[in-house]
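Please read the structure below before turning to the comments.
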Amino acid sequence: MNLQKTTKPENAYQWEKTYTNLPGHIKGVPKGQGFSLQKLLLFLFTTIKGILGLLTAQFLHIFPYLWDKISHRELILTGTADLGLKAIFAEFNNWNNFQEFHDFFQPWTFFKEPDISYEWQDDIEFGRQRLNGLNPISIRKCKLEDIDIQGKFPVTDEIVNPIQKKTVNLQTALENQCLYILEYPILDDILNSEVEDQLGRYIQSPICLLYLDEQKDLIPIAIQVQYESEDRTTKTNRIITPKTRQEWLAAKIAVSSADAAYQGIISHLLYTHLIIEPFAVSTYRKLSPDHIIYQLLTPHYFNTFAINNMARSTFLGRGGFFDITGSLGYTGSNKLLDRGYNGYADKIQPLQFYQLALPYSLASRDVLDLPNYYYRDDALLLWNALKKYITEVINIKYKTDDDVIHDKQIQNWKQEIITVGNIKGLLPPEKNNELNTIQDLIEVVTNIIFTATAQHAAVNFGQYDYAAWIPNNPFALYQTFQDSPTKIDPIQLLPNRFQSIQQIVLVKVLTMSPPHSSDSLLTLENPFRDGLARTAFQKLQTQLVDIEDQINIRNSSIKKPYTYLLPSLIPQSIAI
């Protein structure tokens, strides 16, 4: 007699009741959905190797540090309990200049110095990264109201000129569609001064104006930051330009730090990891394994439950990475997530799933004609290829819209995603969240798969390249911008050496690409049983190879190749 009991999907995949203000998530990690032993060991090995290497660099720093103290006759032992060692080593953990970051990356650290380490201060490099760097989804075209002199960012010709030794008329530049903007209203007043002082970490909500010059380079020309009085009782917005070199670098670091906070919690965690999980939970609960949509989707949920479970405990929880190293700490990070999903005052609207679709995002930011935007170019190639493939597969099962309406599994899947999974705006408002057409199903599934593959790759795999070089993307500021006679020193804004080590090791671990994290889109096994569906998948693979070739040809002709959306480097799922 076979005594083996079959576990119902609803019992194996249960909804968790925590984080009710965010997308729904799984309870624990279901059997068979965890990391493999090999992957866990690789995580551990990479982490330990990184920590040991970077601590070795820190240890070797002791000797030149002590020699400097001796040569300046500052090494004086006293009769106190600690012999004066505390005072002697008070500055040991600080960075004293940017050259020390170069000295830090040596063969014994095991980590390669990021390629941008010698160019990160250049304005052209700063602009390039807004298009093809850590967070390529925030740049948008500037509007007249953005730079209204009576508004929140009162930029004038007098403030910004000259630009590259030329006089630029902002009105004309606006009409010629040469002005772009970055802003982070979601960060406005997210922490008060008392909480920031307790954390010892600070966050700005900057606004950055960028200009598309005659060479089609996007360069920053004005940045608004908040300056505080010395007693921290009042704040004043101040617009900084390249005319004041030291303040300008500090302002760019403030933008990069705000951008890193936004990327880590919103663009990356919320817009990919957390938003995909309710779709995965409901797919396993409401669709049978022989359903063609189940077979279409489940390869793109590989290890997602496991990595998200780790994120909730290791990143979002008290004592987690966001709490001890991020600019917002535990409370602020969770507040940012809440704002990102549920909206904030009249500044941020609640997140609607359909708005994450690539064509909507690009059109709403008005960046379809922005030159040298390789993220957009490659993402559109992938979106179109995936949509063509998904359309072909879905049309195998559904011949009319009534087939979708009367598919109880799909309708139950959709209903649970909305009600229990807490997904808002599955479809545009005029659809009223009614999944009643073949085209609607195609749009939803395309958005799911693209988000779980290409979009996640775009906002994840640049982390080491850009954030391992700490001055380029510090995860927090460690000093406020204060009105005082002393000019701000950009190096003082940065995390100390031990905090930097944590950031470097983290971004190294988080950027393990295929095959270490999962299969890639090019090595993924055919998931279908149906012959026609298997053929559609094979066509997709052929098209992905063509896309890889197109990207490689383009990359061979540009100074800094954009590789994050090469199909061979895009994981099959959010698995890291």
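Identifiers for the structure tokens are assigned positionally: chains receive A, B, ... in sequence, residues are indexed from 1 per chain, and ligands are indexed from 1 in the order shown.
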Practice prompt. List the neighbours of Leu521 of chain A out to 7 Å using only C-alpha atoms; skip same-chain residues closer than 3 positions along the sequence, and give me the result as a list of chain:residue names.
Written response: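 That gives A:Leu524, A:Pro567, A:Ser568, A:Ile570, A:Pro571, A:Gln572.
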Write out, as a compact mmCIF listing (two decimals), in the first residue's frame, the residues just selected, with C-alpha atoms.
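The new file again.txt reads:
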```txt
# COMPACT_ATOMS: atom_id res chain seq x y z
CA LEU A 524 17.15 27.73 -19.64
CA PRO A 567 20.74 37.36 -22.64
CA SER A 568 23.62 35.10 -21.59
CA ILE A 570 20.31 37.59 -17.56
CA PRO A 571 19.24 35.02 -14.94
CA GLN A 572 16.10 33.04 -15.61
```
So which residues touch segment 428-436 of chain A within 7 Å, counting only C-alpha atoms, skipping near sequence neighbours fewer than 5 positions away, as a list in words?
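In the requested form, the answer reads Tyr354, Asp401, Val404, Ile405 and Leu441 of chain A.
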With N, CA and C atoms retained, write the just-selected residues as a PDB file, in the first residue's frame.
```pdb
ATOM      1  N   TYR A 354       0.717  47.770 -13.767  1.00  0.00           N
ATOM      2  CA  TYR A 354       0.793  47.980 -15.215  1.00  0.00           C
ATOM      3  C   TYR A 354       1.779  49.097 -15.566  1.00  0.00           C
ATOM      4  N   ASP A 401     -11.468  35.490 -26.665  1.00  0.00           N
ATOM      5  CA  ASP A 401     -11.458  36.121 -25.354  1.00  0.00           C
ATOM      6  C   ASP A 401     -12.318  35.356 -24.356  1.00  0.00           C
ATOM      7  N   VAL A 404     -10.485  32.937 -22.173  1.00  0.00           N
ATOM      8  CA  VAL A 404      -9.833  33.511 -20.999  1.00  0.00           C
ATOM      9  C   VAL A 404     -10.843  33.739 -19.885  1.00  0.00           C
ATOM     10  N   ILE A 405     -11.978  34.279 -20.238  1.00  0.00           N
ATOM     11  CA  ILE A 405     -13.018  34.582 -19.248  1.00  0.00           C
ATOM     12  C   ILE A 405     -13.483  33.315 -18.537  1.00  0.00           C
ATOM     13  N   LEU A 441      -4.135  39.179 -20.979  1.00  0.00           N
ATOM     14  CA  LEU A 441      -3.318  38.115 -20.394  1.00  0.00           C
ATOM     15  C   LEU A 441      -1.892  38.193 -20.914  1.00  0.00           C
TER      16      LEU A 441
END
```
Using only C-alpha atoms, the residue out of A:Ile292, A:Leu316, A:Leu381, A:Leu358 with shortest distance to Tyr398 of chain A is A:Ile292
List the spatial neighbours of Ile307 of chain A as a PyMOL selection string - criterion: any atom at most 8 Å away, only C-alpha atoms, same-chain residues fewer than 6 positions off excluded.
chain A and resi 574-576
Saved selection, atoms kept: N, CA and C atoms, as a compact mmCIF listing (two decimals), in the first residue's frame:
```
# COMPACT_ATOMS: atom_id res chain seq x y z
N ILE A 574 14.50 35.92 -10.51
CA ILE A 574 15.10 36.68 -9.42
C ILE A 574 15.64 35.67 -8.42
N ALA A 575 16.88 35.27 -8.65
CA ALA A 575 17.48 34.18 -7.87
C ALA A 575 18.68 34.65 -7.06
N ILE A 576 18.92 35.96 -7.07
CA ILE A 576 20.08 36.52 -6.35
C ILE A 576 19.71 37.91 -5.87
```
Once you count only C-alpha atoms, what closest atom pair and distance in Å to one decimal does each residue of segment 431-503 of chain A within 10 Å of segment 232-245 of chain A have, with rows by chain and rising residue number, as a Markdown table?
```
| residue | atom | partner | partner_atom | distance |
| --- | --- | --- | --- | --- |
| A:Thr480 | CA | A:Arg232 | CA | 9.2 |
| A:Phe481 | CA | A:Lys235 | CA | 9.6 |
| A:Gln482 | CA | A:Arg232 | CA | 8.2 |
| A:Asp483 | CA | A:Thr236 | CA | 9.0 |
```
For Asp157 of chain A, find every residue with an atom within 9 Å (counting only C-alpha atoms), except residues of its own chain fewer than 2 positions away, and show them as a ChimeraX atom specification.
/A:155,159-162,167-171
With distances taken over only C-alpha atoms, which of A:Ala533, A:Ile181, A:Ala57, A:Ile551 is nearest to Arg365 of chain A?
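Nearest to Arg365 of chain A: A:Ile181.
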Q) Where in segment 223-404 of chain A does DSSP assign alpha helix (DSSP H), given as number ranges by chain? A) A: 245-262, 275-286, 292-297, 304-311, 321-324, 329-342, 358-365, 374-397, 401-404
For the residues in the current selection, export C-alpha atoms as an mmCIF file, in the first residue's frame.
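Contents of out_15.cif, freshly written:
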```
data_model
loop_
_atom_site.group_PDB
_atom_site.id
_atom_site.type_symbol
_atom_site.label_atom_id
_atom_site.label_comp_id
_atom_site.auth_asym_id
_atom_site.auth_seq_id
_atom_site.Cartn_x
_atom_site.Cartn_y
_atom_site.Cartn_z
ATOM 1 C CA ARG A 245 34.348 72.617 -7.419
ATOM 2 C CA GLN A 246 34.441 71.159 -3.899
ATOM 3 C CA GLU A 247 30.757 71.755 -3.201
ATOM 4 C CA TRP A 248 29.908 70.443 -6.661
ATOM 5 C CA LEU A 249 31.592 67.104 -5.985
ATOM 6 C CA ALA A 250 29.819 66.894 -2.620
ATOM 7 C CA ALA A 251 26.475 67.620 -4.302
ATOM 8 C CA LYS A 252 27.078 64.876 -6.887
ATOM 9 C CA ILE A 253 27.903 62.442 -4.070
ATOM 10 C CA ALA A 254 24.614 63.418 -2.400
ATOM 11 C CA VAL A 255 22.726 62.619 -5.610
ATOM 12 C CA SER A 256 24.541 59.301 -5.998
ATOM 13 C CA SER A 257 23.797 58.364 -2.384
ATOM 14 C CA ALA A 258 20.095 59.205 -2.769
ATOM 15 C CA ASP A 259 20.065 57.262 -6.033
ATOM 16 C CA ALA A 260 21.663 54.252 -4.303
ATOM 17 C CA ALA A 261 19.023 54.351 -1.542
ATOM 18 C CA TYR A 262 16.267 54.543 -4.158
ATOM 19 C CA ILE A 275 6.296 42.739 -6.740
ATOM 20 C CA ILE A 276 6.920 39.363 -8.400
ATOM 21 C CA GLU A 277 6.441 37.200 -5.307
ATOM 22 C CA PRO A 278 2.602 37.319 -5.107
ATOM 23 C CA PHE A 279 2.402 36.216 -8.735
ATOM 24 C CA ALA A 280 4.674 33.286 -7.902
ATOM 25 C CA VAL A 281 2.685 32.281 -4.802
ATOM 26 C CA SER A 282 -0.626 32.349 -6.628
ATOM 27 C CA THR A 283 0.775 30.517 -9.664
ATOM 28 C CA TYR A 284 1.735 27.546 -7.505
ATOM 29 C CA ARG A 285 -1.541 27.699 -5.567
ATOM 30 C CA LYS A 286 -4.091 28.247 -8.337
ATOM 31 C CA ILE A 292 0.362 26.212 -20.099
ATOM 32 C CA ILE A 293 0.592 29.472 -18.082
ATOM 33 C CA TYR A 294 2.054 27.518 -15.140
ATOM 34 C CA GLN A 295 4.706 26.071 -17.452
ATOM 35 C CA LEU A 296 5.317 29.495 -18.980
ATOM 36 C CA LEU A 297 5.810 31.265 -15.640
ATOM 37 C CA THR A 304 12.673 33.759 -5.728
ATOM 38 C CA PHE A 305 11.031 32.616 -2.496
ATOM 39 C CA ALA A 306 14.422 31.800 -1.001
ATOM 40 C CA ILE A 307 16.136 35.056 -1.940
ATOM 41 C CA ASN A 308 13.129 37.131 -0.831
ATOM 42 C CA ASN A 309 12.982 35.315 2.478
ATOM 43 C CA MET A 310 16.654 36.171 2.928
ATOM 44 C CA ALA A 311 15.986 39.792 1.984
ATOM 45 C CA PHE A 321 21.908 45.504 6.275
ATOM 46 C CA PHE A 322 19.547 48.453 5.731
ATOM 47 C CA ASP A 323 19.450 48.991 9.495
ATOM 48 C CA ILE A 324 23.194 49.048 10.134
ATOM 49 C CA GLY A 329 18.108 52.557 9.062
ATOM 50 C CA TYR A 330 15.368 50.058 9.921
ATOM 51 C CA THR A 331 12.502 52.507 10.384
ATOM 52 C CA GLY A 332 13.339 54.714 7.428
ATOM 53 C CA SER A 333 13.857 51.800 5.037
ATOM 54 C CA ASN A 334 10.465 50.345 5.855
ATOM 55 C CA LYS A 335 8.901 53.788 5.602
ATOM 56 C CA LEU A 336 10.437 54.188 2.138
ATOM 57 C CA LEU A 337 9.000 50.841 1.063
ATOM 58 C CA ASP A 338 5.588 51.893 2.331
ATOM 59 C CA ARG A 339 5.791 55.194 0.455
ATOM 60 C CA GLY A 340 6.947 53.448 -2.695
ATOM 61 C CA TYR A 341 4.022 51.043 -2.651
ATOM 62 C CA ASN A 342 1.182 53.011 -1.111
ATOM 63 C CA LEU A 358 8.728 48.884 -19.973
ATOM 64 C CA PRO A 359 6.808 50.736 -22.743
ATOM 65 C CA TYR A 360 4.753 52.612 -20.143
ATOM 66 C CA SER A 361 7.815 53.510 -18.070
ATOM 67 C CA LEU A 362 9.781 54.834 -21.023
ATOM 68 C CA ALA A 363 6.839 56.829 -22.400
ATOM 69 C CA SER A 364 5.898 58.307 -19.018
ATOM 70 C CA ARG A 365 9.486 59.502 -18.525
ATOM 71 C CA TYR A 374 21.632 51.559 -23.914
ATOM 72 C CA TYR A 375 19.455 50.224 -21.092
ATOM 73 C CA ARG A 376 16.399 51.375 -23.046
ATOM 74 C CA ASP A 377 17.639 50.021 -26.371
ATOM 75 C CA ASP A 378 18.503 46.564 -25.052
ATOM 76 C CA ALA A 379 15.449 46.353 -22.803
ATOM 77 C CA LEU A 380 13.134 47.073 -25.737
ATOM 78 C CA LEU A 381 14.762 44.320 -27.795
ATOM 79 C CA LEU A 382 14.123 41.877 -24.954
ATOM 80 C CA TRP A 383 10.602 43.103 -24.205
ATOM 81 C CA ASN A 384 9.572 42.683 -27.846
ATOM 82 C CA ALA A 385 11.157 39.226 -28.104
ATOM 83 C CA LEU A 386 9.507 38.036 -24.893
ATOM 84 C CA LYS A 387 6.134 39.471 -25.868
ATOM 85 C CA LYS A 388 6.272 37.771 -29.266
ATOM 86 C CA TYR A 389 7.106 34.439 -27.606
ATOM 87 C CA ILE A 390 4.430 34.818 -24.915
ATOM 88 C CA THR A 391 1.835 35.775 -27.517
ATOM 89 C CA GLU A 392 2.592 32.652 -29.536
ATOM 90 C CA VAL A 393 2.368 30.404 -26.474
ATOM 91 C CA ILE A 394 -0.855 31.928 -25.142
ATOM 92 C CA ASN A 395 -2.511 31.755 -28.547
ATOM 93 C CA ILE A 396 -1.984 28.000 -28.512
ATOM 94 C CA LYS A 397 -4.416 27.614 -25.613
ATOM 95 C CA ASP A 401 -11.458 36.121 -25.354
ATOM 96 C CA ASP A 402 -14.222 33.934 -23.949
ATOM 97 C CA ASP A 403 -11.640 31.205 -23.403
ATOM 98 C CA VAL A 404 -9.833 33.511 -20.999
#
```
Please identify all polymer residues within 9 Å of segment 105-107 of chain A, counting only C-alpha atoms, omitting same-chain residues fewer than 4 positions from it, and present them as an NGL selection string. :A and (53-54 or 57 or 101 or 111-113)
Atom CA of Gly50 of chain A sits from atom CA of Thr325 of chain A at a separation of 17.2 Å
Within 10 Å of Lys347 of chain A, counting only C-alpha atoms, which residues show up once you throw out same-chain ones fewer than 5 positions away? Write them as a VMD selection string, please. chain A and resid 184 to 186 188 339
Okay, now the selection with N, CA, C and O atoms, as a PDB file, in the first residue's frame?
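Generated output (selection-v5.pdb):
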```pdb
ATOM      1  N   TYR A 184      13.918  63.106  -6.183  1.00  0.00           N
ATOM      2  CA  TYR A 184      13.566  62.029  -5.258  1.00  0.00           C
ATOM      3  C   TYR A 184      12.589  62.544  -4.192  1.00  0.00           C
ATOM      4  O   TYR A 184      12.890  62.530  -3.000  1.00  0.00           O
ATOM      5  N   PRO A 185      11.397  63.006  -4.597  1.00  0.00           N
ATOM      6  CA  PRO A 185      10.441  63.530  -3.615  1.00  0.00           C
ATOM      7  C   PRO A 185      10.011  62.489  -2.589  1.00  0.00           C
ATOM      8  O   PRO A 185       9.558  62.843  -1.498  1.00  0.00           O
ATOM      9  N   ILE A 186      10.174  61.212  -2.934  1.00  0.00           N
ATOM     10  CA  ILE A 186       9.829  60.142  -2.001  1.00  0.00           C
ATOM     11  C   ILE A 186      10.713  60.185  -0.752  1.00  0.00           C
ATOM     12  O   ILE A 186      10.346  59.648   0.304  1.00  0.00           O
ATOM     13  N   ASP A 188      11.639  63.072   0.707  1.00  0.00           N
ATOM     14  CA  ASP A 188      11.406  64.314   1.444  1.00  0.00           C
ATOM     15  C   ASP A 188      11.021  64.028   2.892  1.00  0.00           C
ATOM     16  O   ASP A 188      10.069  63.269   3.159  1.00  0.00           O
ATOM     17  N   ARG A 339       6.052  54.079   1.354  1.00  0.00           N
ATOM     18  CA  ARG A 339       5.791  55.194   0.455  1.00  0.00           C
ATOM     19  C   ARG A 339       5.828  54.737  -1.003  1.00  0.00           C
ATOM     20  O   ARG A 339       5.008  55.158  -1.827  1.00  0.00           O
TER      21      ARG A 339
END
```
Across A:Pro561, A:Pro9, A:Pro23, A:Pro114, the smallest distance to Tyr271 of chain A, with only C-alpha atoms counted, is shown by A:Pro23
Against segment 144-149 of chain A, which residues of segment 156-219 of chain A fall within 12 Å? For each one I want the closest pair of atoms and the distance in Å (one decimal), counting only C-alpha atoms, rows by chain and increasing residue number, as CSV.
```
residue,atom,partner,partner_atom,distance
A:Thr156,CA,A:Ile149,CA,7.1
A:Asp157,CA,A:Ile149,CA,10.7
A:Glu158,CA,A:Ile149,CA,11.8
A:Ile159,CA,A:Ile149,CA,11.3
A:Val160,CA,A:Ile147,CA,11.9
A:Leu170,CA,A:Ile147,CA,9.1
A:Gln171,CA,A:Leu144,CA,8.2
A:Thr172,CA,A:Leu144,CA,11.1
A:Ala173,CA,A:Leu144,CA,10.8
A:Leu174,CA,A:Leu144,CA,7.3
A:Glu175,CA,A:Leu144,CA,9.2
A:Gln177,CA,A:Leu144,CA,10.8
A:Leu179,CA,A:Leu144,CA,10.0
A:Tyr180,CA,A:Asp146,CA,9.8
A:Ile181,CA,A:Asp146,CA,8.3
A:Leu182,CA,A:Asp146,CA,10.3
A:Glu183,CA,A:Asp146,CA,9.8
A:Ile207,CA,A:Asp146,CA,9.7
A:Cys208,CA,A:Asp146,CA,10.6
A:Leu209,CA,A:Ile147,CA,8.9
A:Leu210,CA,A:Ile147,CA,11.8
```
How would the residues just picked look written out with N, CA and C atoms as a tab-separated table (two decimals), in the first residue's frame?
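selection_33.tsv written:
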```
chain	number	residue	atom	x	y	z
A	156	THR	N	17.94	79.28	-12.94
A	156	THR	CA	17.92	80.35	-13.94
A	156	THR	C	19.16	80.28	-14.81
A	157	ASP	N	19.12	81.02	-15.91
A	157	ASP	CA	20.29	81.10	-16.78
A	157	ASP	C	21.50	81.63	-16.02
A	158	GLU	N	21.27	82.62	-15.16
A	158	GLU	CA	22.36	83.23	-14.41
A	158	GLU	C	23.04	82.22	-13.48
A	159	ILE	N	22.26	81.31	-12.93
A	159	ILE	CA	22.82	80.32	-12.00
A	159	ILE	C	23.69	79.31	-12.73
A	160	VAL	N	23.25	78.82	-13.87
A	160	VAL	CA	23.94	77.68	-14.51
A	160	VAL	C	25.04	78.09	-15.48
A	170	LEU	N	18.13	78.33	-21.01
A	170	LEU	CA	17.38	77.17	-20.52
A	170	LEU	C	16.05	77.00	-21.23
A	171	GLN	N	15.39	78.10	-21.56
A	171	GLN	CA	14.12	77.99	-22.26
A	171	GLN	C	14.31	77.34	-23.63
A	172	THR	N	15.34	77.79	-24.33
A	172	THR	CA	15.63	77.19	-25.64
A	172	THR	C	16.04	75.72	-25.49
A	173	ALA	N	16.85	75.42	-24.49
A	173	ALA	CA	17.26	74.04	-24.25
A	173	ALA	C	16.06	73.16	-23.93
A	174	LEU	N	15.10	73.73	-23.19
A	174	LEU	CA	13.89	72.98	-22.86
A	174	LEU	C	13.08	72.70	-24.13
A	175	GLU	N	12.93	73.71	-24.98
A	175	GLU	CA	12.18	73.55	-26.23
A	175	GLU	C	12.86	72.56	-27.16
A	177	GLN	N	14.43	70.02	-26.19
A	177	GLN	CA	14.42	68.74	-25.47
A	177	GLN	C	15.83	68.29	-25.10
A	179	LEU	N	17.01	69.11	-21.88
A	179	LEU	CA	17.09	69.13	-20.43
A	179	LEU	C	16.41	67.90	-19.84
A	180	TYR	N	17.09	67.29	-18.87
A	180	TYR	CA	16.57	66.11	-18.18
A	180	TYR	C	16.74	66.32	-16.68
A	181	ILE	N	16.02	65.54	-15.92
A	181	ILE	CA	15.99	65.80	-14.48
A	181	ILE	C	15.94	64.50	-13.68
A	182	LEU	N	16.56	64.57	-12.52
A	182	LEU	CA	16.46	63.52	-11.50
A	182	LEU	C	15.91	64.18	-10.25
A	183	GLU	N	14.94	63.57	-9.62
A	183	GLU	CA	14.45	64.06	-8.33
A	183	GLU	C	13.95	62.89	-7.50
A	207	ILE	N	17.65	67.45	-6.18
A	207	ILE	CA	17.12	67.57	-7.54
A	207	ILE	C	18.31	67.90	-8.43
A	208	CYS	N	18.43	67.19	-9.52
A	208	CYS	CA	19.59	67.35	-10.41
A	208	CYS	C	19.11	67.63	-11.83
A	209	LEU	N	19.59	68.73	-12.39
A	209	LEU	CA	19.28	69.10	-13.77
A	209	LEU	C	20.45	68.70	-14.66
A	210	LEU	N	20.13	68.03	-15.78
A	210	LEU	CA	21.17	67.56	-16.70
A	210	LEU	C	20.91	68.13	-18.09
```
Could you work out how far atom CA of Asp217 of chain A lies from atom CA of Cys142 of chain A, giving the answer in Å with one decimal?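 Atom CA of Cys142 of chain A sits 16.0 Å away from atom CA of Asp217 of chain A.
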Here atom CA of Asp366 of chain A and atom CA of Asn473 of chain A stand apart by 25.6 Å
From the list A:Gln38, A:Glu443, A:Glu10, A:Asn460, the nearest residue to Gly264 of chain A using only C-alpha atoms is A:Asn460
